[in-house]
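Taking it in order: structure first as structure tokens, then the write-up.
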Amino acid sequence: MHEVERLIQFEDPSTVAAFVAEPIQAAGGVIIPPDNYLAQIREICTRYDVLLITDEVVTGFGRLGDWTGARHYGVQPDIMTFAKGITSGYQPLGATAVSQPIIDAYIQASTGEPELRHGNTYSGHPVATAAALANIAIIERDNLLDRTRVAGDHLARLLRQIAQTLPSQVADAGSEGLLGRVELRNDGHQPPGTLGNLVTTKMREAGIIVRPAGDVITLSPPLIITSEEIDTLIATLHDVLLEAMPA
Ligand SMILES: Cc1ncc(COP(=O)(O)O)c(C=O)c1O
């Protein structure tokens with residue numbers, strides 16, 4: 001039995017309101033699930049009448065080559081949360097999208113108005129939402145979802161290569177769309193995170209911003225990155241790894 005189903009049964013399904021997950025858990029080190037993971041979760045949630053909420057703050061608006069991470073995995077959640085990619089960071093904006101049955105419940109419970117009331121000082125802020133609309137128009141105009149898929153395939157190829165070429169430095173590497181991970185091999189002599197910080201600093205000195213999650217170097221380049229720029233990213237990482245982690 002799936003662990004999630006076991007847990008729902010253990011807790012008593014009538015006490016479980018929702019299952020919340022990122023399609024790919026990003027900040028913990030870009031944990032890429034098996035392709036069918038989210039679909040299995042959807043099926044379990046539906047069977048036990050548990051809402052599925054996907055946190056699309058990282059995966060939404062193109063990161064995986066589709067509008068949402070859920071769509072990338074062929075799944076329809078009940079609620080989705082968004083931020084970051086919704087404006088590509090040019091304005092601070094967060095959003096929650098809910099499916100029709102949920103909005104219906106709110107309409108019945110209040111005045112009959114088609115509104116899910118949630119009082120925020122800056123709800124629907126015109127400047128932030130204008131930036132989001134402009135951002136979405138650019139994603140569509142420049143075909144960034146398709147471009148992300150193509151660039152993502154290239155990144156995945158190079159990450160497989162670097163894992164094969166530098167087995168003493170790289171324990172694991174992979175990506176989905178333009179969200180990647182390079183897990184550094186920590187032989188246990190260094191406190192966790194030391195190598196991640198060292199490699200990140202040296203990458204920055206070489207002109208490339210990456211982010212460590214412990215000893216995993218996480219990659220989240222702009223959706224407009226070119227193949228040549230991906231080549232430069234991985235070639236620089238290759239050189240930095242050899243310098244920072246001599247075999
Ligand atoms: C997946 C995920 N969800 C939520 C958040 C928090 O988003 P916000 O600060 O927009 O509320 C972050 C922030 O990095 C995140 O990575």
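Numbering starts fresh at 1 for the residues of each chain in the structure tokens, the chains themselves are lettered A, B, ... in the order given, and ligands are numbered from 1 as they appear.
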Worksheet entry | Within 7 Å of segment 199-209 of chain A using only C-alpha atoms, minus same-chain residues under 5 positions, as a ChimeraX atom specification | /A:237,240-241,244
For the residues in the current selection, export N, CA and C atoms as an mmCIF file, in the first residue's frame.
```
data_model
loop_
_atom_site.group_PDB
_atom_site.id
_atom_site.type_symbol
_atom_site.label_atom_id
_atom_site.label_comp_id
_atom_site.auth_asym_id
_atom_site.auth_seq_id
_atom_site.Cartn_x
_atom_site.Cartn_y
_atom_site.Cartn_z
ATOM 1 N N LEU A 237 30.660 24.730 -14.003
ATOM 2 C CA LEU A 237 30.458 23.855 -12.841
ATOM 3 C C LEU A 237 31.493 22.726 -12.850
ATOM 4 N N VAL A 240 34.774 24.196 -11.693
ATOM 5 C CA VAL A 240 34.700 24.547 -10.262
ATOM 6 C C VAL A 240 34.758 23.273 -9.402
ATOM 7 N N LEU A 241 34.058 22.242 -9.832
ATOM 8 C CA LEU A 241 34.044 20.990 -9.050
ATOM 9 C C LEU A 241 35.442 20.374 -8.993
ATOM 10 N N ALA A 244 37.392 22.662 -6.572
ATOM 11 C CA ALA A 244 36.947 22.668 -5.178
ATOM 12 C C ALA A 244 37.021 21.279 -4.535
#
```
Discussion item. I'd like the neighbourhood of Asn135 of chain A as a PyMOL selection string, where a residue qualifies if any of its atoms comes within 8 Å (using only C-alpha atoms), though same-chain residues fewer than 5 positions away should be ignored.
Written reply: chain A and resi 86-88
Emit the selected residues as a PDB file, in the first residue's frame, including C-alpha atoms.
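Wrote it out as out_22.pdb, contents follow:
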```pdb
ATOM      1  CA  ILE A  86       3.768  34.435 -11.920  1.00  0.00           C
ATOM      2  CA  THR A  87       5.612  37.744 -12.442  1.00  0.00           C
ATOM      3  CA  SER A  88       9.073  36.251 -13.062  1.00  0.00           C
TER       4      SER A  88
END
```
Worksheet item: Got a sec: who's within 12 Å of segment 98-100 of chain A, counting only C-alpha atoms, leaving out chain neighbours fewer than 4 positions off, as a PyMOL selection string?
Response: chain A and resi 51-54+76-82+104-107+114-116
What are the nearest atom pairs, with distances in Å to one decimal, for all residues of chain A that come at most 10 Å from ligand 1, using only C-alpha atoms and all ligand atoms, set out by chain and rising residue number as JSON lines?
```
{"residue": "A:Ala21", "atom": "CA", "partner": "ligand 1", "partner_atom_place_in_ligand_line": "1 (C)", "distance": 8.5}
{"residue": "A:Glu22", "atom": "CA", "partner": "ligand 1", "partner_atom_place_in_ligand_line": "1 (C)", "distance": 6.0}
{"residue": "A:Pro23", "atom": "CA", "partner": "ligand 1", "partner_atom_place_in_ligand_line": "1 (C)", "distance": 9.1}
{"residue": "A:Ile24", "atom": "CA", "partner": "ligand 1", "partner_atom_place_in_ligand_line": "1 (C)", "distance": 8.5}
{"residue": "A:Gln25", "atom": "CA", "partner": "ligand 1", "partner_atom_place_in_ligand_line": "1 (C)", "distance": 6.9}
{"residue": "A:Ala26", "atom": "CA", "partner": "ligand 1", "partner_atom_place_in_ligand_line": "1 (C)", "distance": 6.3}
{"residue": "A:Ala27", "atom": "CA", "partner": "ligand 1", "partner_atom_place_in_ligand_line": "16 (O)", "distance": 6.0}
{"residue": "A:Gly28", "atom": "CA", "partner": "ligand 1", "partner_atom_place_in_ligand_line": "16 (O)", "distance": 9.4}
{"residue": "A:Thr54", "atom": "CA", "partner": "ligand 1", "partner_atom_place_in_ligand_line": "1 (C)", "distance": 9.2}
{"residue": "A:Asp55", "atom": "CA", "partner": "ligand 1", "partner_atom_place_in_ligand_line": "1 (C)", "distance": 5.7}
{"residue": "A:Glu56", "atom": "CA", "partner": "ligand 1", "partner_atom_place_in_ligand_line": "1 (C)", "distance": 6.4}
{"residue": "A:Val57", "atom": "CA", "partner": "ligand 1", "partner_atom_place_in_ligand_line": "1 (C)", "distance": 4.8}
{"residue": "A:Val58", "atom": "CA", "partner": "ligand 1", "partner_atom_place_in_ligand_line": "1 (C)", "distance": 5.2}
{"residue": "A:Thr59", "atom": "CA", "partner": "ligand 1", "partner_atom_place_in_ligand_line": "1 (C)", "distance": 7.7}
{"residue": "A:Gly60", "atom": "CA", "partner": "ligand 1", "partner_atom_place_in_ligand_line": "1 (C)", "distance": 9.6}
{"residue": "A:Thr81", "atom": "CA", "partner": "ligand 1", "partner_atom_place_in_ligand_line": "3 (N)", "distance": 7.8}
{"residue": "A:Phe82", "atom": "CA", "partner": "ligand 1", "partner_atom_place_in_ligand_line": "10 (O)", "distance": 7.4}
{"residue": "A:Ala83", "atom": "CA", "partner": "ligand 1", "partner_atom_place_in_ligand_line": "10 (O)", "distance": 5.0}
{"residue": "A:Lys84", "atom": "CA", "partner": "ligand 1", "partner_atom_place_in_ligand_line": "10 (O)", "distance": 6.6}
{"residue": "A:Pro92", "atom": "CA", "partner": "ligand 1", "partner_atom_place_in_ligand_line": "10 (O)", "distance": 7.7}
{"residue": "A:Leu93", "atom": "CA", "partner": "ligand 1", "partner_atom_place_in_ligand_line": "10 (O)", "distance": 7.0}
{"residue": "A:Gly94", "atom": "CA", "partner": "ligand 1", "partner_atom_place_in_ligand_line": "10 (O)", "distance": 5.5}
{"residue": "A:Ala95", "atom": "CA", "partner": "ligand 1", "partner_atom_place_in_ligand_line": "10 (O)", "distance": 8.6}
```
Discussion item. Applying 12 Å and only C-alpha atoms, which residues near Pro246 of chain A remain after dropping the ones on its own chain fewer than 4 positions away? List them as a PyMOL selection string.
Written reply: chain A and resi 166-170+185+195+238-242
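Closest approach to Gly174 of chain A from the set A:Gly124, A:Val210, A:Ile32, A:Ala151 is made by A:Ile32, with distances taken over only C-alpha atoms.
Counting only C-alpha atoms, the residue from A:Ala39, A:Val127, A:Ile44, A:Val150 that sits nearest to Ile8 of chain A is A:Ile44.
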Discussion item. When DSSP is applied to the backbone of this structure, which of segment 23-91 of chain A are assigned alpha helix (DSSP H)? Write them out as an MDAnalysis selection string.
Written reply: chainID A and resid 37:47 69:72
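Between atom CA of Pro126 of chain A and atom CA of Arg141 of chain A lies a distance of 22.0 Å.
Distances from A:Arg181, A:Leu233, A:Gln190, A:Asn197 to Gly29 of chain A were compared using only C-alpha atoms, and the smallest one belongs to A:Arg181.
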Worksheet item: Can you list, as a ChimeraX atom specification, every residue of chain A that DSSP puts in strand (DSSP E)?
Response: /A:18-21,51-55,79-82,95-98,170-176,179-184,211-213,216-219
Expected file contents, prior selection, C-alpha atoms, as a JSON list (two decimals), in the first residue's frame:
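In the end it all went to selection_33.json:
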```
[["chain", "number", "residue", "atom", "x", "y", "z"],
["A", 18, "ALA", "CA", -6.01, 18.06, 2.28],
["A", 19, "PHE", "CA", -2.69, 16.82, 1.02],
["A", 20, "VAL", "CA", -0.27, 19.67, 0.20],
["A", 21, "ALA", "CA", 2.82, 19.11, -1.93],
["A", 51, "LEU", "CA", -8.29, 17.80, -1.35],
["A", 52, "LEU", "CA", -5.06, 17.90, -3.35],
["A", 53, "ILE", "CA", -3.23, 21.23, -3.05],
["A", 54, "THR", "CA", -0.15, 21.72, -5.19],
["A", 55, "ASP", "CA", 2.28, 24.43, -4.18],
["A", 79, "ILE", "CA", -6.18, 24.15, -5.20],
["A", 80, "MET", "CA", -2.91, 25.62, -6.46],
["A", 81, "THR", "CA", -0.68, 28.31, -4.98],
["A", 82, "PHE", "CA", 1.55, 30.55, -7.06],
["A", 95, "ALA", "CA", -2.01, 33.84, -5.94],
["A", 96, "THR", "CA", -4.25, 30.93, -5.06],
["A", 97, "ALA", "CA", -6.35, 29.19, -7.69],
["A", 98, "VAL", "CA", -9.26, 27.03, -6.62],
["A", 170, "VAL", "CA", 28.99, 14.18, -8.17],
["A", 171, "ALA", "CA", 26.84, 11.62, -6.34],
["A", 172, "ASP", "CA", 23.75, 12.29, -8.43],
["A", 173, "ALA", "CA", 22.53, 14.84, -10.97],
["A", 174, "GLY", "CA", 19.26, 15.35, -12.77],
["A", 175, "SER", "CA", 16.59, 17.78, -13.82],
["A", 176, "GLU", "CA", 13.01, 18.23, -14.91],
["A", 179, "LEU", "CA", 14.90, 22.81, -12.49],
["A", 180, "GLY", "CA", 18.08, 20.89, -11.83],
["A", 181, "ARG", "CA", 20.14, 19.32, -9.08],
["A", 182, "VAL", "CA", 23.77, 18.32, -8.69],
["A", 183, "GLU", "CA", 24.30, 16.37, -5.50],
["A", 184, "LEU", "CA", 27.90, 16.63, -4.35],
["A", 211, "ARG", "CA", 21.92, 28.00, -4.83],
["A", 212, "PRO", "CA", 22.96, 25.32, -2.37],
["A", 213, "ALA", "CA", 20.51, 23.12, -0.50],
["A", 216, "VAL", "CA", 22.98, 19.79, -3.47],
["A", 217, "ILE", "CA", 23.64, 22.55, -5.99],
["A", 218, "THR", "CA", 20.23, 23.58, -7.28],
["A", 219, "LEU", "CA", 19.81, 25.10, -10.74]]
```
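Here the question is which of A:Gly214, A:Pro191, A:Gly112, A:Gly152 gets nearest to Thr226 of chain A using only C-alpha atoms, and that residue is A:Gly152.
If you look at atom CA of Pro13 of chain A and atom CA of Pro34 of chain A, they are 25.0 Å away from each other.
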Worksheet item: Which residue, A:Val30, A:His154, A:Trp67, A:Gly74, has the smallest gap to Glu43 of chain A when you use only C-alpha atoms?
Response: A:Gly74
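Picture a line from atom CA of Gly188 of chain A to atom CA of Glu243 of chain A; it runs 18.9 Å.
In terms of minimum interatomic distance to Val50 of chain A, A:Val4 ranks closest within A:Pro222, A:Ile138, A:Thr165, A:Val4, counting only C-alpha atoms.
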